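Asker: Sending over run_36.cif (mmCIF, C-alpha atoms and all ligand atoms).
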```cif
data_start
loop_
_atom_site.label_atom_id
_atom_site.label_comp_id
_atom_site.auth_asym_id
_atom_site.auth_seq_id
_atom_site.Cartn_x
_atom_site.Cartn_y
_atom_site.Cartn_z
CA ASN A 13 0.00 0.00 0.00
CA ARG A 14 1.63 3.20 -1.17
CA GLU A 15 0.61 6.85 -1.06
CA ILE A 16 2.12 10.09 -2.35
CA HIS A 17 3.09 12.89 0.01
CA LEU A 18 3.92 16.48 -0.83
CA VAL A 19 7.32 17.14 0.74
CA ASN A 20 8.15 20.58 -0.76
CA ARG A 21 5.90 23.36 -1.99
CA PRO A 22 6.92 23.53 -5.68
CA GLN A 23 8.71 26.61 -6.96
CA GLY A 24 7.68 27.07 -10.57
CA MET A 25 7.14 23.84 -12.49
CA PRO A 26 6.67 20.96 -10.01
CA VAL A 27 9.42 18.31 -10.03
CA ASN A 28 9.39 14.73 -8.80
CA ALA A 29 11.56 15.68 -5.81
CA ASP A 30 8.62 17.74 -4.47
CA PHE A 31 6.84 14.42 -3.80
CA ASN A 32 7.59 11.23 -1.92
CA LEU A 33 6.12 7.76 -2.42
CA VAL A 34 5.53 6.31 1.05
CA SER A 35 4.74 2.66 1.89
CA LYS A 36 2.27 1.92 4.68
CA PRO A 37 0.39 -1.16 5.89
CA VAL A 38 -3.04 -1.66 4.33
CA PRO A 39 -5.45 -0.05 6.85
CA VAL A 40 -7.49 -2.40 9.06
CA LEU A 41 -11.25 -2.30 8.80
CA ASN A 42 -13.54 -1.29 11.70
CA GLU A 43 -17.23 -2.19 12.01
CA GLY A 44 -19.27 0.01 9.62
CA GLU A 45 -16.31 0.61 7.29
CA VAL A 46 -15.19 -0.51 3.86
CA LEU A 47 -11.72 -1.04 2.39
CA ILE A 48 -11.28 0.50 -1.06
CA LYS A 49 -8.60 -0.37 -3.58
CA ASN A 50 -8.19 2.57 -5.94
CA LEU A 51 -8.15 1.57 -9.61
CA TRP A 52 -7.89 5.00 -11.24
CA LEU A 53 -6.45 8.31 -10.00
CA SER A 54 -7.24 11.68 -11.51
CA VAL A 55 -4.56 14.34 -11.79
CA ASP A 56 -5.92 17.84 -12.34
CA PRO A 57 -4.42 21.29 -12.89
CA TYR A 58 -6.26 22.79 -9.86
CA MET A 59 -4.11 20.59 -7.60
CA ARG A 60 -1.14 22.85 -8.39
CA GLY A 61 -2.98 25.69 -6.61
CA ARG A 62 -3.41 23.52 -3.51
CA MET A 63 0.37 22.99 -3.34
CA VAL A 64 0.83 26.69 -2.50
CA GLU A 65 0.28 27.91 1.04
CA ARG A 66 -2.34 30.64 0.59
CA ALA A 67 -6.02 31.32 1.22
CA SER A 68 -8.19 30.06 -1.65
CA TYR A 69 -11.55 28.38 -2.25
CA ILE A 70 -10.04 25.14 -0.97
CA GLU A 71 -7.40 24.63 1.73
CA PRO A 72 -3.77 23.98 0.75
CA PHE A 73 -2.37 20.44 0.85
CA ALA A 74 -0.47 19.70 4.05
CA LEU A 75 3.19 18.73 3.77
CA ASN A 76 4.17 15.13 4.57
CA GLU A 77 0.63 13.79 4.32
CA ALA A 78 -1.06 11.88 1.52
CA LEU A 79 -2.32 14.20 -1.21
CA SER A 80 -5.97 13.94 -2.17
CA GLY A 81 -7.73 14.04 -5.49
CA GLY A 82 -10.44 12.34 -7.50
CA ALA A 83 -10.27 8.54 -7.65
CA VAL A 84 -12.34 5.54 -8.65
CA GLY A 85 -11.91 2.31 -6.73
CA GLU A 86 -13.42 -1.01 -5.83
CA VAL A 87 -14.68 -2.18 -2.45
CA VAL A 88 -12.45 -5.13 -1.56
CA GLU A 89 -13.63 -5.71 2.05
CA SER A 90 -16.85 -4.52 3.58
CA ARG A 91 -18.43 -4.17 6.99
CA HIS A 92 -20.96 -1.67 5.60
CA PRO A 93 -24.32 -2.86 4.16
CA GLN A 94 -24.56 -0.14 1.48
CA PHE A 95 -21.17 -0.96 -0.07
CA PRO A 96 -20.86 -4.69 -0.76
CA VAL A 97 -17.58 -6.17 -1.95
CA GLY A 98 -17.21 -5.47 -5.67
CA SER A 99 -19.01 -2.10 -5.61
CA MET A 100 -17.35 0.68 -7.59
CA VAL A 101 -17.05 4.03 -5.87
CA SER A 102 -15.65 7.44 -6.57
CA SER A 103 -14.08 9.59 -3.88
CA MET A 104 -11.60 12.38 -3.27
CA ASN A 105 -9.17 9.90 -1.67
CA GLY A 106 -6.74 9.64 -4.57
CA TRP A 107 -2.90 9.62 -4.68
CA ARG A 108 -2.97 6.36 -2.63
CA GLU A 109 -3.60 2.70 -3.34
CA TYR A 110 -5.91 1.74 -0.43
CA PHE A 111 -8.07 3.55 2.10
CA THR A 112 -10.86 2.80 4.56
CA SER A 113 -14.09 4.76 4.74
CA ALA A 114 -17.31 4.84 6.75
CA GLY A 115 -19.08 5.67 3.49
CA SER A 116 -19.97 9.35 3.80
CA ASP A 117 -17.12 10.38 1.47
CA LEU A 118 -17.95 7.75 -1.17
CA GLN A 119 -20.25 7.92 -4.19
CA LEU A 120 -21.50 4.57 -5.39
CA LEU A 121 -21.15 4.45 -9.17
CA PRO A 122 -24.19 3.41 -11.19
CA GLN A 123 -23.85 0.23 -13.25
CA THR A 124 -23.37 1.27 -16.85
CA ALA A 125 -21.63 -0.16 -19.89
CA ILE A 126 -19.25 2.81 -19.76
CA ALA A 127 -15.82 2.16 -18.24
CA GLU A 128 -15.68 3.28 -14.59
CA GLN A 129 -12.90 5.84 -15.09
CA ALA A 130 -15.33 7.94 -17.16
CA PHE A 131 -16.62 9.13 -13.78
CA LEU A 132 -13.33 11.03 -13.45
CA SER A 133 -13.76 12.72 -16.83
CA VAL A 134 -16.73 12.89 -19.18
CA LEU A 135 -19.24 11.78 -16.50
CA GLY A 136 -17.40 13.46 -13.64
CA MET A 137 -15.72 16.69 -12.68
CA THR A 138 -14.29 17.75 -16.03
CA GLY A 139 -17.47 17.01 -18.00
CA MET A 140 -19.50 18.84 -15.38
CA THR A 141 -17.10 21.80 -15.60
CA ALA A 142 -17.55 22.09 -19.36
CA TYR A 143 -21.33 21.80 -19.11
CA THR A 144 -21.68 24.27 -16.24
CA GLY A 145 -19.26 26.83 -17.63
CA LEU A 146 -20.75 26.83 -21.10
CA LEU A 147 -24.47 26.57 -20.38
CA LYS A 148 -24.87 28.18 -16.94
CA ILE A 149 -22.03 30.69 -16.71
CA ALA A 150 -21.63 31.73 -20.36
CA GLU A 151 -25.36 31.18 -21.08
CA LEU A 152 -24.58 29.63 -24.47
CA LYS A 153 -27.18 30.18 -27.20
CA GLU A 154 -27.63 28.44 -30.52
CA GLY A 155 -25.56 30.16 -33.19
CA ASP A 156 -23.01 31.67 -30.79
CA ARG A 157 -19.46 31.92 -32.08
CA VAL A 158 -17.39 30.12 -29.42
CA PHE A 159 -13.66 30.11 -28.76
CA VAL A 160 -12.07 27.63 -26.29
CA SER A 161 -8.48 27.57 -25.03
CA ALA A 162 -6.75 24.30 -24.00
CA ALA A 163 -9.36 22.90 -26.38
CA SER A 164 -8.14 19.30 -26.61
CA GLY A 165 -7.95 18.73 -22.83
CA ALA A 166 -10.48 17.04 -20.58
CA VAL A 167 -12.61 20.15 -20.11
CA GLY A 168 -11.86 21.77 -23.47
CA ALA A 169 -12.78 18.78 -25.66
CA MET A 170 -16.15 18.57 -23.88
CA VAL A 171 -16.72 22.30 -24.33
CA CYS A 172 -16.06 21.93 -28.08
CA GLN A 173 -18.52 19.06 -28.44
CA ILE A 174 -21.31 20.55 -26.32
CA ALA A 175 -21.06 23.82 -28.22
CA LYS A 176 -21.25 21.97 -31.55
CA LEU A 177 -24.30 20.04 -30.29
CA LYS A 178 -25.92 23.37 -29.44
CA GLY A 179 -25.49 24.57 -33.02
CA CYS A 180 -22.56 26.92 -32.50
CA TYR A 181 -19.49 27.84 -34.54
CA VAL A 182 -16.54 26.51 -32.52
CA ALA A 183 -12.83 27.33 -32.67
CA GLY A 184 -10.12 26.42 -30.20
CA SER A 185 -6.44 26.68 -29.41
CA VAL A 186 -4.06 23.80 -28.69
CA GLY A 187 -0.34 23.17 -28.32
CA SER A 188 0.31 20.63 -31.11
CA ASP A 189 -0.70 19.76 -34.67
CA GLU A 190 -1.78 16.29 -33.53
CA LYS A 191 -4.23 17.91 -31.10
CA ALA A 192 -5.42 20.26 -33.87
CA ARG A 193 -6.14 17.27 -36.13
CA TYR A 194 -8.07 15.54 -33.33
CA LEU A 195 -10.35 18.54 -32.93
CA LEU A 196 -10.89 19.11 -36.63
CA GLU A 197 -11.20 15.51 -37.80
CA GLU A 198 -12.73 13.71 -34.81
CA LEU A 199 -14.71 16.38 -32.97
CA GLY A 200 -15.89 18.47 -35.90
CA VAL A 201 -14.47 21.73 -34.57
CA ASP A 202 -14.58 24.47 -37.21
CA ALA A 203 -11.08 25.97 -36.82
CA VAL A 204 -8.03 25.44 -34.61
CA VAL A 205 -5.02 27.57 -33.69
CA ASN A 206 -1.72 26.01 -32.60
CA TYR A 207 -0.63 28.64 -30.08
CA LYS A 208 2.89 27.19 -29.92
CA THR A 209 3.69 27.61 -33.62
CA THR A 210 1.87 30.85 -34.45
CA THR A 211 3.94 34.01 -34.42
CA ASP A 212 0.89 36.23 -33.87
CA LEU A 213 -1.70 34.67 -31.56
CA GLN A 214 -4.29 37.40 -31.95
CA SER A 215 -4.33 37.37 -35.75
CA SER A 216 -4.41 33.56 -35.78
CA ILE A 217 -7.44 33.57 -33.47
CA ALA A 218 -9.00 36.31 -35.62
CA ASP A 219 -8.52 34.11 -38.71
CA ALA A 220 -10.11 31.17 -36.86
CA CYS A 221 -13.05 33.34 -35.76
CA PRO A 222 -13.89 35.48 -38.82
CA GLU A 223 -17.19 36.63 -37.28
CA GLY A 224 -15.70 37.44 -33.88
CA ILE A 225 -16.33 35.68 -30.57
CA ASP A 226 -19.59 35.67 -28.61
CA VAL A 227 -18.48 33.18 -25.94
CA TYR A 228 -14.94 32.58 -24.73
CA PHE A 229 -14.35 29.53 -22.53
CA GLU A 230 -11.15 30.53 -20.75
CA ASN A 231 -8.78 27.78 -19.59
CA VAL A 232 -5.41 29.47 -20.12
CA GLY A 233 -5.29 33.23 -19.34
CA GLY A 234 -2.35 35.53 -20.15
CA GLU A 235 -1.79 36.32 -23.81
CA HIS A 236 -4.87 34.30 -24.81
CA LEU A 237 -7.15 36.50 -22.71
CA GLU A 238 -5.65 39.72 -24.03
CA ALA A 239 -5.99 38.55 -27.65
CA VAL A 240 -9.57 37.34 -27.19
CA LEU A 241 -10.70 40.56 -25.45
CA ASN A 242 -9.82 42.41 -28.66
CA LEU A 243 -11.85 39.92 -30.73
CA MET A 244 -15.01 39.67 -28.60
CA ASN A 245 -18.33 40.75 -30.09
CA ASP A 246 -20.61 43.20 -28.29
CA HIS A 247 -22.35 41.67 -25.26
CA GLY A 248 -20.03 38.66 -25.39
CA ARG A 249 -19.66 36.38 -22.37
CA ILE A 250 -16.47 34.93 -20.95
CA ALA A 251 -16.65 31.93 -18.58
CA VAL A 252 -13.37 32.02 -16.64
CA CYS A 253 -12.69 28.38 -15.84
CA GLY A 254 -8.91 28.29 -15.47
CA MET A 255 -5.67 30.15 -16.15
CA ILE A 256 -3.19 27.30 -16.46
CA GLU A 257 -0.54 29.53 -18.04
CA GLN A 258 -0.05 31.15 -14.62
CA TYR A 259 -0.19 28.15 -12.28
CA ASN A 260 3.60 27.72 -12.17
CA ALA A 261 4.47 31.43 -12.27
CA THR A 262 7.00 32.49 -9.65
CA SER A 263 6.19 36.22 -9.83
CA PRO A 264 2.95 38.19 -10.40
CA GLN A 265 1.95 38.11 -14.06
CA PRO A 266 0.96 41.26 -15.97
CA GLY A 267 -2.77 41.57 -16.58
CA PRO A 268 -4.25 42.22 -20.03
CA ALA A 269 -3.43 45.77 -21.15
CA ASN A 270 -6.84 46.09 -22.81
CA LEU A 271 -9.39 45.66 -20.01
CA ALA A 272 -11.25 48.69 -21.39
CA GLN A 273 -12.58 46.25 -24.01
CA ILE A 274 -14.91 45.02 -21.25
CA ILE A 275 -16.63 48.41 -21.33
CA ILE A 276 -16.43 49.02 -25.06
CA LYS A 277 -17.88 45.55 -25.86
CA LYS A 278 -20.20 45.48 -22.79
CA LEU A 279 -18.83 42.07 -21.84
CA LYS A 280 -19.92 39.78 -19.03
CA ILE A 281 -16.97 37.99 -17.45
CA GLU A 282 -17.64 35.44 -14.71
CA GLY A 283 -15.42 32.99 -12.89
CA PHE A 284 -16.80 29.78 -11.40
CA ILE A 285 -15.79 26.79 -9.28
CA VAL A 286 -17.56 23.66 -10.42
CA PHE A 287 -17.88 22.17 -6.92
CA GLU A 288 -20.19 25.07 -6.01
CA HIS A 289 -22.58 24.02 -8.79
CA TRP A 290 -22.83 20.35 -7.82
CA ASP A 291 -26.60 20.61 -7.28
CA GLY A 292 -26.73 20.60 -11.09
CA TYR A 293 -24.98 17.21 -11.34
CA PRO A 294 -28.19 15.10 -11.77
CA GLU A 295 -29.31 17.25 -14.72
CA PHE A 296 -25.82 17.07 -16.21
CA ILE A 297 -25.49 13.30 -15.90
CA GLU A 298 -28.91 12.67 -17.43
CA GLN A 299 -28.09 14.87 -20.43
CA MET A 300 -24.54 13.51 -20.85
CA MET A 301 -25.76 9.88 -20.72
CA GLN A 302 -28.27 10.71 -23.48
CA TRP A 303 -25.60 12.32 -25.66
CA ILE A 304 -23.25 9.36 -25.14
CA ALA A 305 -26.00 6.82 -25.88
CA ALA A 306 -26.76 8.70 -29.11
CA GLY A 307 -23.08 8.62 -30.08
CA GLN A 308 -22.88 12.41 -29.97
CA ILE A 309 -20.06 12.74 -27.43
CA SER A 310 -16.69 11.01 -27.51
CA TRP A 311 -13.67 11.31 -25.26
CA LYS A 312 -10.01 10.46 -25.03
CA GLU A 313 -7.82 9.45 -22.11
CA THR A 314 -4.07 9.69 -21.64
CA VAL A 315 -3.12 6.95 -19.19
CA PHE A 316 0.02 6.59 -17.05
CA GLU A 317 0.38 3.23 -15.29
CA GLY A 318 1.21 2.67 -11.62
CA ILE A 319 1.10 4.95 -8.62
CA GLU A 320 4.80 5.75 -9.07
CA GLN A 321 3.86 7.48 -12.37
CA THR A 322 1.33 9.83 -10.74
CA THR A 323 3.69 12.75 -10.35
CA ASP A 324 4.90 12.42 -13.96
CA ALA A 325 1.27 12.44 -15.08
CA PHE A 326 0.56 15.50 -12.97
CA ILE A 327 3.61 17.39 -14.24
CA GLY A 328 2.67 16.32 -17.78
CA LEU A 329 -0.49 18.45 -17.58
CA PHE A 330 1.73 21.54 -17.68
CA ASN A 331 3.73 20.23 -20.66
CA GLY A 332 0.66 19.35 -22.69
CA GLN A 333 1.43 15.60 -22.58
CA ASN A 334 -2.27 14.72 -22.47
CA MET A 335 -5.02 14.58 -25.04
CA GLY A 336 -8.34 14.38 -23.23
CA LYS A 337 -8.28 13.37 -19.57
CA MET A 338 -4.99 12.64 -17.84
CA LEU A 339 -5.41 9.53 -15.66
CA VAL A 340 -3.30 7.09 -13.69
CA LYS A 341 -4.26 3.40 -13.80
CA LEU A 342 -3.28 1.37 -10.76
CA GLY A 343 -2.32 -2.28 -11.14
P1 LIG B 1 -6.45 19.57 -19.47
O1 LIG B 1 -6.87 18.19 -19.76
O2 LIG B 1 -6.91 20.66 -20.39
O3 LIG B 1 -4.87 19.58 -19.34
C1 LIG B 1 -4.14 20.76 -19.29
C2 LIG B 1 -3.82 21.26 -20.72
O4 LIG B 1 -3.53 22.64 -20.65
C3 LIG B 1 -2.57 20.63 -21.30
O5 LIG B 1 -2.84 19.43 -21.97
C4 LIG B 1 -2.04 21.71 -22.24
O6 LIG B 1 -2.53 21.49 -23.56
C5 LIG B 1 -2.66 23.00 -21.70
N1 LIG B 1 -1.62 23.88 -21.14
C6 LIG B 1 -0.71 23.58 -20.20
N2 LIG B 1 0.09 24.64 -19.96
C7 LIG B 1 -0.32 25.62 -20.81
C8 LIG B 1 0.11 26.96 -21.06
N3 LIG B 1 1.14 27.51 -20.38
N4 LIG B 1 -0.54 27.67 -21.99
C9 LIG B 1 -1.57 27.14 -22.68
N5 LIG B 1 -2.02 25.89 -22.49
C10 LIG B 1 -1.41 25.13 -21.56
O7 LIG B 1 -6.89 19.95 -18.00
P2 LIG B 1 -8.38 20.11 -17.48
O8 LIG B 1 -9.32 19.90 -18.59
O9 LIG B 1 -8.52 19.31 -16.27
O10 LIG B 1 -8.42 21.65 -17.05
C11 LIG B 1 -8.50 22.68 -18.03
C12 LIG B 1 -8.61 24.02 -17.31
O11 LIG B 1 -9.83 24.05 -16.56
C13 LIG B 1 -7.50 24.30 -16.31
O12 LIG B 1 -7.17 25.67 -16.37
C14 LIG B 1 -8.14 23.96 -14.99
O13 LIG B 1 -7.54 24.63 -13.93
C15 LIG B 1 -9.56 24.41 -15.23
N6 LIG B 1 -10.57 23.77 -14.38
C16 LIG B 1 -11.38 24.59 -13.66
C17 LIG B 1 -12.39 24.09 -12.91
C18 LIG B 1 -13.30 25.03 -12.18
O14 LIG B 1 -14.12 24.59 -11.39
N7 LIG B 1 -13.20 26.32 -12.42
C19 LIG B 1 -12.61 22.63 -12.79
C20 LIG B 1 -11.73 21.85 -13.65
C21 LIG B 1 -10.73 22.41 -14.40
P3 LIG B 1 -1.80 22.14 -24.84
O15 LIG B 1 -0.92 21.10 -25.44
O16 LIG B 1 -2.94 22.50 -25.72
O17 LIG B 1 -1.00 23.30 -24.36
#
```
Do you think you could lay out the structure here as structure tokens?
Answerer:
Amino acid sequence: NREIHLVNRPQGMPVNADFNLVSKPVPVLNEGEVLIKNLWLSVDPYMRGRMVERASYIEPFALNEALSGGAVGEVVESRHPQFPVGSMVSSMNGWREYFTSAGSDLQLLPQTAIAEQAFLSVLGMTGMTAYTGLLKIAELKEGDRVFVSAASGAVGAMVCQIAKLKGCYVAGSVGSDEKARYLLEELGVDAVVNYKTTTDLQSSIADACPEGIDVYFENVGGEHLEAVLNLMNDHGRIAVCGMIEQYNATSPQPGPANLAQIIIKKLKIEGFIVFEHWDGYPEFIEQMMQWIAAGQISWKETVFEGIEQTTDAFIGLFNGQNMGKMLVKLG
């Protein structure tokens, strides 16, 4: 039984030496508890924020304790009637192989033909983030011209597909030509910008969005935000989901120089934290299951194997090593 501890608060890009893989005995079960063997761990960009000691919407990770994060596992011993052996559960007890629980921090997964790790992506937090940000925060309407940054990632690829299903023009930015091809050829996105190879991000986005942008789904921040502000249409909406470009910054980053565009274009800009919208999960899951059953939504996973690969998978998020959801599969 192994778990991953944070031993240093990363400076800049996290490195493996910031983490330690610690062996422990498998915990012993008390009456009313279950023993879970994690099968899949989620690594997510927001975890970088929790590695910094500062006040935020969620408390920082403690040093020298097991990290936490989304996970899907199987009940392997049970002294709890609601969770028989063999049940699949999701929890926030990731970054470890085994844990015990009295049940209140577990969600029993429904039996579906869809592989269980989908509850960490398309049917879980990242799918819910795309759905909430696009439909509730940005109030997407049919015919909107949509631009998405980090468009081939777990959230971004769902944003692209939901916006297409809603009858929108969709363009996105990505960090490789392979990712661009995925969006154009497999997801039916209308235009893609490779932000790593363009020499002029704003004019490339302008070319991809010839009729301007009504809705920007912001995952990146920085130069992307400044460029898009100049290209927004009047009364456009920006759902601020993430700013991954800044997560490893070691000094304060300059803000966009063109914030007056918010006034000129009469923009609505709203940030959101998906966990505060979880009352909408039943509606989301019903709709997403319908789309999947109709073959209208697809998804990709990038899988690292073994708990010892978890930190590489996590660091890989900041190097663009994933297409779709970054996951760790435990043996
Ligand atoms: P992704 O699957 O999109 O993985 C991260 C991707 O970001 C990478 O693959 C990489 O793709 C891109 N990226 C990394 N560094 C940079 C950079 N410096 N500039 C531009 N792109 C970069 O992760 P998620 O789908 O899980 O998350 C996407 C965003 O949504 C993140 O900002 C995250 O923090 C946010 N989020 C917010 C939530 C909320 O409640 N507000 C909930 C969940 C996620 P590429 O090769 O294209 O560069």
Asker: Which residue gives the smallest distance to Met255 (chain A) among A:Lys280, A:His17, A:Lys178, A:Arg60, with only C-alpha atoms counted?
Answerer: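 Ranking A:Lys280, A:His17, A:Lys178, A:Arg60 by distance to Met255 (chain A), first place goes to A:Arg60.
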Asker: I'd like the interatomic distance between CA of Gln308 (chain A) and atom O8 of ligand LIG 1 (chain B), to a tenth of an Å.
Answerer: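 About the pair CA of Gln308 (chain A) and atom O8 of ligand LIG 1 (chain B): they are 19.2 Å apart.
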Asker: Compute the set of protein, DNA and RNA residues whose minimum atom distance to ligand LIG 1 (chain B) is at most 7 Å, using all atoms listed in the file, and state it as a ChimeraX atom specification.
Answerer: /A:56-58,137-138,141,162-168,185-188,231-232,253-258,284-287,329-338
Asker: Could you please take those selected residues and save C-alpha atoms as a CSV table (one decimal), in the coordinates of the input?
Answerer:
```
chain,number,residue,atom,x,y,z
A,56,ASP,CA,-5.9,17.8,-12.3
A,57,PRO,CA,-4.4,21.3,-12.9
A,58,TYR,CA,-6.3,22.8,-9.9
A,137,MET,CA,-15.7,16.7,-12.7
A,138,THR,CA,-14.3,17.8,-16.0
A,141,THR,CA,-17.1,21.8,-15.6
A,162,ALA,CA,-6.8,24.3,-24.0
A,163,ALA,CA,-9.4,22.9,-26.4
A,164,SER,CA,-8.1,19.3,-26.6
A,165,GLY,CA,-8.0,18.7,-22.8
A,166,ALA,CA,-10.5,17.0,-20.6
A,167,VAL,CA,-12.6,20.2,-20.1
A,168,GLY,CA,-11.9,21.8,-23.5
A,185,SER,CA,-6.4,26.7,-29.4
A,186,VAL,CA,-4.1,23.8,-28.7
A,187,GLY,CA,-0.3,23.2,-28.3
A,188,SER,CA,0.3,20.6,-31.1
A,231,ASN,CA,-8.8,27.8,-19.6
A,232,VAL,CA,-5.4,29.5,-20.1
A,253,CYS,CA,-12.7,28.4,-15.8
A,254,GLY,CA,-8.9,28.3,-15.5
A,255,MET,CA,-5.7,30.2,-16.2
A,256,ILE,CA,-3.2,27.3,-16.5
A,257,GLU,CA,-0.5,29.5,-18.0
A,258,GLN,CA,0.0,31.2,-14.6
A,284,PHE,CA,-16.8,29.8,-11.4
A,285,ILE,CA,-15.8,26.8,-9.3
A,286,VAL,CA,-17.6,23.7,-10.4
A,287,PHE,CA,-17.9,22.2,-6.9
A,329,LEU,CA,-0.5,18.4,-17.6
A,330,PHE,CA,1.7,21.5,-17.7
A,331,ASN,CA,3.7,20.2,-20.7
A,332,GLY,CA,0.7,19.4,-22.7
A,333,GLN,CA,1.4,15.6,-22.6
A,334,ASN,CA,-2.3,14.7,-22.5
A,335,MET,CA,-5.0,14.6,-25.0
A,336,GLY,CA,-8.3,14.4,-23.2
A,337,LYS,CA,-8.3,13.4,-19.6
A,338,MET,CA,-5.0,12.6,-17.8
```
Asker: Just to confirm, what's the straight-line distance from CA of Gly155 (chain A) to CA of His289 (chain A) in Å (one decimal)?
Answerer: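 According to the coordinates, CA of Gly155 (chain A) and CA of His289 (chain A) are separated by 25.3 Å.
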Asker: When you count only C-alpha atoms, which of these residues is closest to Gln129 (chain A): A:Lys36, A:Ser102, A:Glu317, A:Trp303?
Answerer: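 Closest residue, counting only C-alpha atoms: A:Ser102.
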Asker: Pick from A:Leu75, A:Val340, A:Ala130, A:Val158: nearest to Ser310 (chain A), with only C-alpha atoms counted?
Answerer: A:Ala130
Asker: Need to verify the contact set: Ser35 (chain A), 12 Å, all atoms listed in the file, exclusion of same-chain residues closer than 4 positions in sequence. Can you return it as a ChimeraX atom specification?
Answerer: /A:13-17,39,78,108-110,319-320
Asker: Between CA of Ala114 (chain A) and CA of Phe31 (chain A), what is the distance in Å, rounded to a tenth?
Answerer: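 Distance reported for this atom pair: 28.0 Å.
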Asker: When distances are computed from all atoms listed in the file, which of A:Arg157, A:Lys49, A:His236, A:Arg62 shows the smallest separation from Ala83 (chain A)?
Answerer: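 Ranked by minimum distance to Ala83 (chain A), first place goes to A:Lys49.
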Asker: What's around Thr322 (chain A) at 9 Å? Count all atoms listed in the file, leave out sequence neighbours fewer than 5 positions away in its own chain, and write the answer as JSON, numbers by chain.
Answerer: {"A": [16, 53, 54, 55, 107, 316, 317, 327, 339, 340]}
Asker: Under the rule that all atoms listed in the file are counted, which of A:Leu18, A:Ile309, A:Ala272, A:Val205 is the nearest residue to Val171 (chain A)?
Answerer: A:Ile309
Asker: Do a neighbour search on Tyr228 (chain A) at 7 Å with only C-alpha atoms, toss out local chain neighbours closer than 4 positions, and write the hits as a PyMOL selection string.
Answerer: chain A and resi 158-160+249-251
Asker: Leaving out Pro22 (chain A) and any residue of its chain fewer than 4 positions from it, which residues lie within 9 Å of it when counting only C-alpha atoms, given as a PyMOL selection string?
Answerer: chain A and resi 26-27+30+60+63-64+260
Asker: Pick out the closest residue to Cys172 (chain A) from this set: A:Leu132, A:Ala29, A:Val204, A:Ala74. Count all atoms listed in the file.
Answerer: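 Of A:Leu132, A:Ala29, A:Val204, A:Ala74, the one nearest Cys172 (chain A), counting all atoms listed in the file, is A:Val204.
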Asker: If we count all atoms listed in the file and set the cut-off at 8 Å, which residues sit around Ile149 (chain A), ignoring sequence neighbours fewer than 2 positions away in its own chain? Please answer as a PyMOL selection string.
Answerer: chain A and resi 144-147+151+251+282-284
Asker: Pull out region 175-187 of chain A, keep N, CA and C atoms, and write it as a PDB file, in the first residue's frame.
Answerer:
```
ATOM      1  N   ALA A 175     -20.739  22.638 -27.428  1.00  0.00           N
ATOM      2  CA  ALA A 175     -21.059  23.823 -28.223  1.00  0.00           C
ATOM      3  C   ALA A 175     -21.476  23.440 -29.644  1.00  0.00           C
ATOM      4  N   LYS A 176     -20.818  22.424 -30.217  1.00  0.00           N
ATOM      5  CA  LYS A 176     -21.249  21.970 -31.552  1.00  0.00           C
ATOM      6  C   LYS A 176     -22.673  21.402 -31.485  1.00  0.00           C
ATOM      7  N   LEU A 177     -22.949  20.603 -30.430  1.00  0.00           N
ATOM      8  CA  LEU A 177     -24.302  20.037 -30.290  1.00  0.00           C
ATOM      9  C   LEU A 177     -25.359  21.119 -30.161  1.00  0.00           C
ATOM     10  N   LYS A 178     -24.970  22.258 -29.614  1.00  0.00           N
ATOM     11  CA  LYS A 178     -25.916  23.370 -29.439  1.00  0.00           C
ATOM     12  C   LYS A 178     -25.969  24.264 -30.682  1.00  0.00           C
ATOM     13  N   GLY A 179     -25.358  23.825 -31.768  1.00  0.00           N
ATOM     14  CA  GLY A 179     -25.485  24.571 -33.023  1.00  0.00           C
ATOM     15  C   GLY A 179     -24.621  25.812 -33.100  1.00  0.00           C
ATOM     16  N   CYS A 180     -23.453  25.755 -32.496  1.00  0.00           N
ATOM     17  CA  CYS A 180     -22.562  26.917 -32.498  1.00  0.00           C
ATOM     18  C   CYS A 180     -21.393  26.729 -33.470  1.00  0.00           C
ATOM     19  N   TYR A 181     -20.788  27.849 -33.865  1.00  0.00           N
ATOM     20  CA  TYR A 181     -19.493  27.838 -34.543  1.00  0.00           C
ATOM     21  C   TYR A 181     -18.438  27.699 -33.442  1.00  0.00           C
ATOM     22  N   VAL A 182     -17.492  26.771 -33.600  1.00  0.00           N
ATOM     23  CA  VAL A 182     -16.536  26.508 -32.520  1.00  0.00           C
ATOM     24  C   VAL A 182     -15.097  26.534 -33.035  1.00  0.00           C
ATOM     25  N   ALA A 183     -14.268  27.327 -32.397  1.00  0.00           N
ATOM     26  CA  ALA A 183     -12.828  27.332 -32.675  1.00  0.00           C
ATOM     27  C   ALA A 183     -12.090  27.169 -31.346  1.00  0.00           C
ATOM     28  N   GLY A 184     -10.872  26.629 -31.431  1.00  0.00           N
ATOM     29  CA  GLY A 184     -10.119  26.417 -30.196  1.00  0.00           C
ATOM     30  C   GLY A 184      -8.633  26.572 -30.419  1.00  0.00           C
ATOM     31  N   SER A 185      -7.887  26.642 -29.316  1.00  0.00           N
ATOM     32  CA  SER A 185      -6.435  26.676 -29.413  1.00  0.00           C
ATOM     33  C   SER A 185      -5.847  25.487 -28.676  1.00  0.00           C
ATOM     34  N   VAL A 186      -4.744  24.982 -29.232  1.00  0.00           N
ATOM     35  CA  VAL A 186      -4.059  23.798 -28.693  1.00  0.00           C
ATOM     36  C   VAL A 186      -2.557  23.958 -28.903  1.00  0.00           C
ATOM     37  N   GLY A 187      -1.789  23.047 -28.269  1.00  0.00           N
ATOM     38  CA  GLY A 187      -0.343  23.166 -28.316  1.00  0.00           C
ATOM     39  C   GLY A 187       0.352  22.201 -29.256  1.00  0.00           C
TER      40      GLY A 187
END
```
